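Student: Structure below; questions to follow.
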Amino acid sequence: MLEAILELLGEFILQAVLEGLLEMGFHSVAEPFRIPPKPWLAALGYFTFGAVLGALSLWMLPAHLTPPPWRIANLIATPLAVGALMAILGRWRARRGDPLFRIDRFFYGYLFAFSFALVRFAFAK
């Protein structure tokens with residue numbers, strides 16, 4: 001049981017760290033692109049970025065980090081947790097007066113993490 005919890009935690013940390021790095025990259029290059037995209041286009045972009053990073057993560061970690069009985073739970077719970085983490089970071093940034101991006105909201109953070117987890121669920125060994 002402890003092993004399963006640690007593996008779920010590892011999957012969460014992997015997604016949270018990669019999404020955090022992506023967010024820092026968006027914040028660093030966003031100044032020239034101040035016109036916000038349409039919500040559906042942004043959602044498609046975050047889904048695509050999540051899937052691409054999920055595929056890249058397979059190159060670094062080709063095996064599942066969670067055992068078979070926990071993989072569906074990981075596909076559901078980890079994106080929810082990462083989306084909540086991004087919403088908390090977004091509120092923190094807003095209180096500091098920092099600029100916010102769509103990924104600083106729950107839905108876009110969840111969508112990114114879900115596509116990341118979906119690729120790993122489907123293609124990890």
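Chain labels follow the order of the structure tokens: the first chain is A, the next B, and so on; residue numbering restarts at 1 in every chain, and ligands are counted from 1 in their shown order.
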Near Ala84 of chain A, within 12 Å and counting only C-alpha atoms, which residues show up once chain neighbours fewer than 3 positions away are dropped, as an mmCIF file with N, CA and C atoms, in the first residue's frame?
Tutor:
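Resulting contents of part_30.cif:
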```
data_model
loop_
_atom_site.group_PDB
_atom_site.id
_atom_site.type_symbol
_atom_site.label_atom_id
_atom_site.label_comp_id
_atom_site.auth_asym_id
_atom_site.auth_seq_id
_atom_site.Cartn_x
_atom_site.Cartn_y
_atom_site.Cartn_z
ATOM 1 N N PHE A 12 2.308 12.493 -9.434
ATOM 2 C CA PHE A 12 1.857 13.857 -9.160
ATOM 3 C C PHE A 12 3.030 14.831 -9.236
ATOM 4 N N ALA A 16 3.363 17.929 -11.754
ATOM 5 C CA ALA A 16 3.380 19.263 -11.154
ATOM 6 C C ALA A 16 4.668 20.003 -11.502
ATOM 7 N N ALA A 77 -7.233 11.247 -10.412
ATOM 8 C CA ALA A 77 -6.867 12.042 -9.233
ATOM 9 C C ALA A 77 -5.706 12.998 -9.474
ATOM 10 N N THR A 78 -4.686 12.557 -10.175
ATOM 11 C CA THR A 78 -3.505 13.405 -10.336
ATOM 12 C C THR A 78 -3.815 14.686 -11.102
ATOM 13 N N PRO A 79 -4.524 14.661 -12.225
ATOM 14 C CA PRO A 79 -4.860 15.924 -12.888
ATOM 15 C C PRO A 79 -5.727 16.841 -12.017
ATOM 16 N N LEU A 80 -6.619 16.260 -11.220
ATOM 17 C CA LEU A 80 -7.417 17.093 -10.309
ATOM 18 C C LEU A 80 -6.518 17.792 -9.296
ATOM 19 N N ALA A 81 -5.558 17.041 -8.749
ATOM 20 C CA ALA A 81 -4.643 17.627 -7.767
ATOM 21 C C ALA A 81 -3.743 18.685 -8.399
ATOM 22 N N ALA A 87 -4.422 26.355 -9.500
ATOM 23 C CA ALA A 87 -5.371 27.382 -9.047
ATOM 24 C C ALA A 87 -4.843 28.080 -7.791
ATOM 25 N N ILE A 88 -4.248 27.325 -6.888
ATOM 26 C CA ILE A 88 -3.665 27.916 -5.679
ATOM 27 C C ILE A 88 -2.509 28.838 -6.053
ATOM 28 N N LEU A 89 -1.653 28.397 -6.969
ATOM 29 C CA LEU A 89 -0.560 29.259 -7.426
ATOM 30 C C LEU A 89 -1.093 30.508 -8.123
ATOM 31 N N GLY A 90 -2.177 30.357 -8.872
ATOM 32 C CA GLY A 90 -2.786 31.506 -9.534
ATOM 33 C C GLY A 90 -3.316 32.526 -8.529
ATOM 34 N N ARG A 91 -3.968 32.037 -7.461
ATOM 35 C CA ARG A 91 -4.444 32.960 -6.423
ATOM 36 C C ARG A 91 -3.274 33.655 -5.732
ATOM 37 N N ILE A 103 -3.335 29.158 -17.521
ATOM 38 C CA ILE A 103 -2.885 27.967 -16.810
ATOM 39 C C ILE A 103 -2.905 28.181 -15.299
ATOM 40 N N ASP A 104 -3.044 29.408 -14.868
ATOM 41 C CA ASP A 104 -3.157 29.711 -13.444
ATOM 42 C C ASP A 104 -4.575 29.468 -12.929
ATOM 43 N N ARG A 105 -5.432 28.937 -13.754
ATOM 44 C CA ARG A 105 -6.803 28.588 -13.359
ATOM 45 C C ARG A 105 -6.939 27.068 -13.335
ATOM 46 N N PHE A 106 -7.882 26.594 -12.537
ATOM 47 C CA PHE A 106 -8.039 25.154 -12.345
ATOM 48 C C PHE A 106 -8.262 24.422 -13.665
ATOM 49 N N PHE A 107 -9.202 24.879 -14.483
ATOM 50 C CA PHE A 107 -9.572 24.136 -15.680
ATOM 51 C C PHE A 107 -8.389 23.919 -16.623
ATOM 52 N N TYR A 108 -7.644 24.979 -16.885
ATOM 53 C CA TYR A 108 -6.534 24.856 -17.827
ATOM 54 C C TYR A 108 -5.400 24.022 -17.237
ATOM 55 N N GLY A 109 -5.143 24.171 -15.939
ATOM 56 C CA GLY A 109 -4.146 23.325 -15.283
ATOM 57 C C GLY A 109 -4.565 21.867 -15.312
ATOM 58 N N TYR A 110 -5.861 21.626 -15.042
ATOM 59 C CA TYR A 110 -6.387 20.261 -15.094
ATOM 60 C C TYR A 110 -6.271 19.689 -16.505
ATOM 61 N N LEU A 111 -6.656 20.459 -17.494
ATOM 62 C CA LEU A 111 -6.632 19.993 -18.882
ATOM 63 C C LEU A 111 -5.210 19.624 -19.308
ATOM 64 N N ALA A 113 -2.683 18.750 -17.298
ATOM 65 C CA ALA A 113 -2.256 17.558 -16.553
ATOM 66 C C ALA A 113 -2.997 16.313 -17.035
#
```
Student: Have a look at A:Ile5, A:Arg120, A:Gly20, A:Tyr46 and name the one nearest to Ala63 of chain A; count only C-alpha atoms.
Tutor: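 So, comparing all the options, the nearest one is A:Arg120.
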Student: Identify, on the basis of only C-alpha atoms, every residue whose closest approach to Phe112 of chain A does not exceed 8 Å; exclude the query and any residue fewer than 5 positions from it along the same chain; express the result as an MDAnalysis selection string.
Tutor: chainID A and resid 19 46:51 79
Student: Given only C-alpha atoms as the basis, pick out the residue of A:Phe116, A:Trp92, A:Trp40, A:Phe121 nearest to His64 of chain A.
Tutor: A:Phe121
Student: Just give me the gap between atom CA of Ala73 of chain A and atom CA of Met1 of chain A in Å, one decimal is fine.
Tutor: 14.0 Å
Student: So that I can see what lies close to Pro68 of chain A, please list as a list of chain:residue names the residues with an atom at most 12 Å from it, counting only C-alpha atoms and leaving out residues fewer than 6 positions away in the same chain.
Tutor: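 Listing them by chain and then by number gives A:Ala4, A:Glu7, A:Leu8, A:Asn74, A:Leu75, A:Phe121, A:Ala124, A:Lys125.
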Student: Measuring atom to atom with only C-alpha atoms, identify which of A:Phe101, A:Ile72, A:Glu11, A:Ser115 is nearest to Leu44 of chain A.
Tutor: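 The shortest atom-to-atom distance to Leu44 of chain A comes from A:Ser115.
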Student: For each of A:Arg102, A:Gly10, A:Ala117, A:Phe123, take the minimum atom-to-atom distance to Gly45 of chain A, counting only C-alpha atoms, then give the residue where this is smallest.
Tutor: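 Under the stated criterion, the closest residue is A:Arg102.
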Student: What is the atom CA of Leu41 of chain A-atom CA of Val17 of chain A distance in Å, reported with one decimal?
Tutor: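 Answer for the atom CA of Leu41 of chain A to atom CA of Val17 of chain A separation: 23.9 Å.
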Student: Tell me, in Å to one decimal, how far atom CA of Leu58 of chain A is from atom CA of Ala43 of chain A.
Tutor: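 Calculated distance between atom CA of Leu58 of chain A and atom CA of Ala43 of chain A is 22.7 Å.
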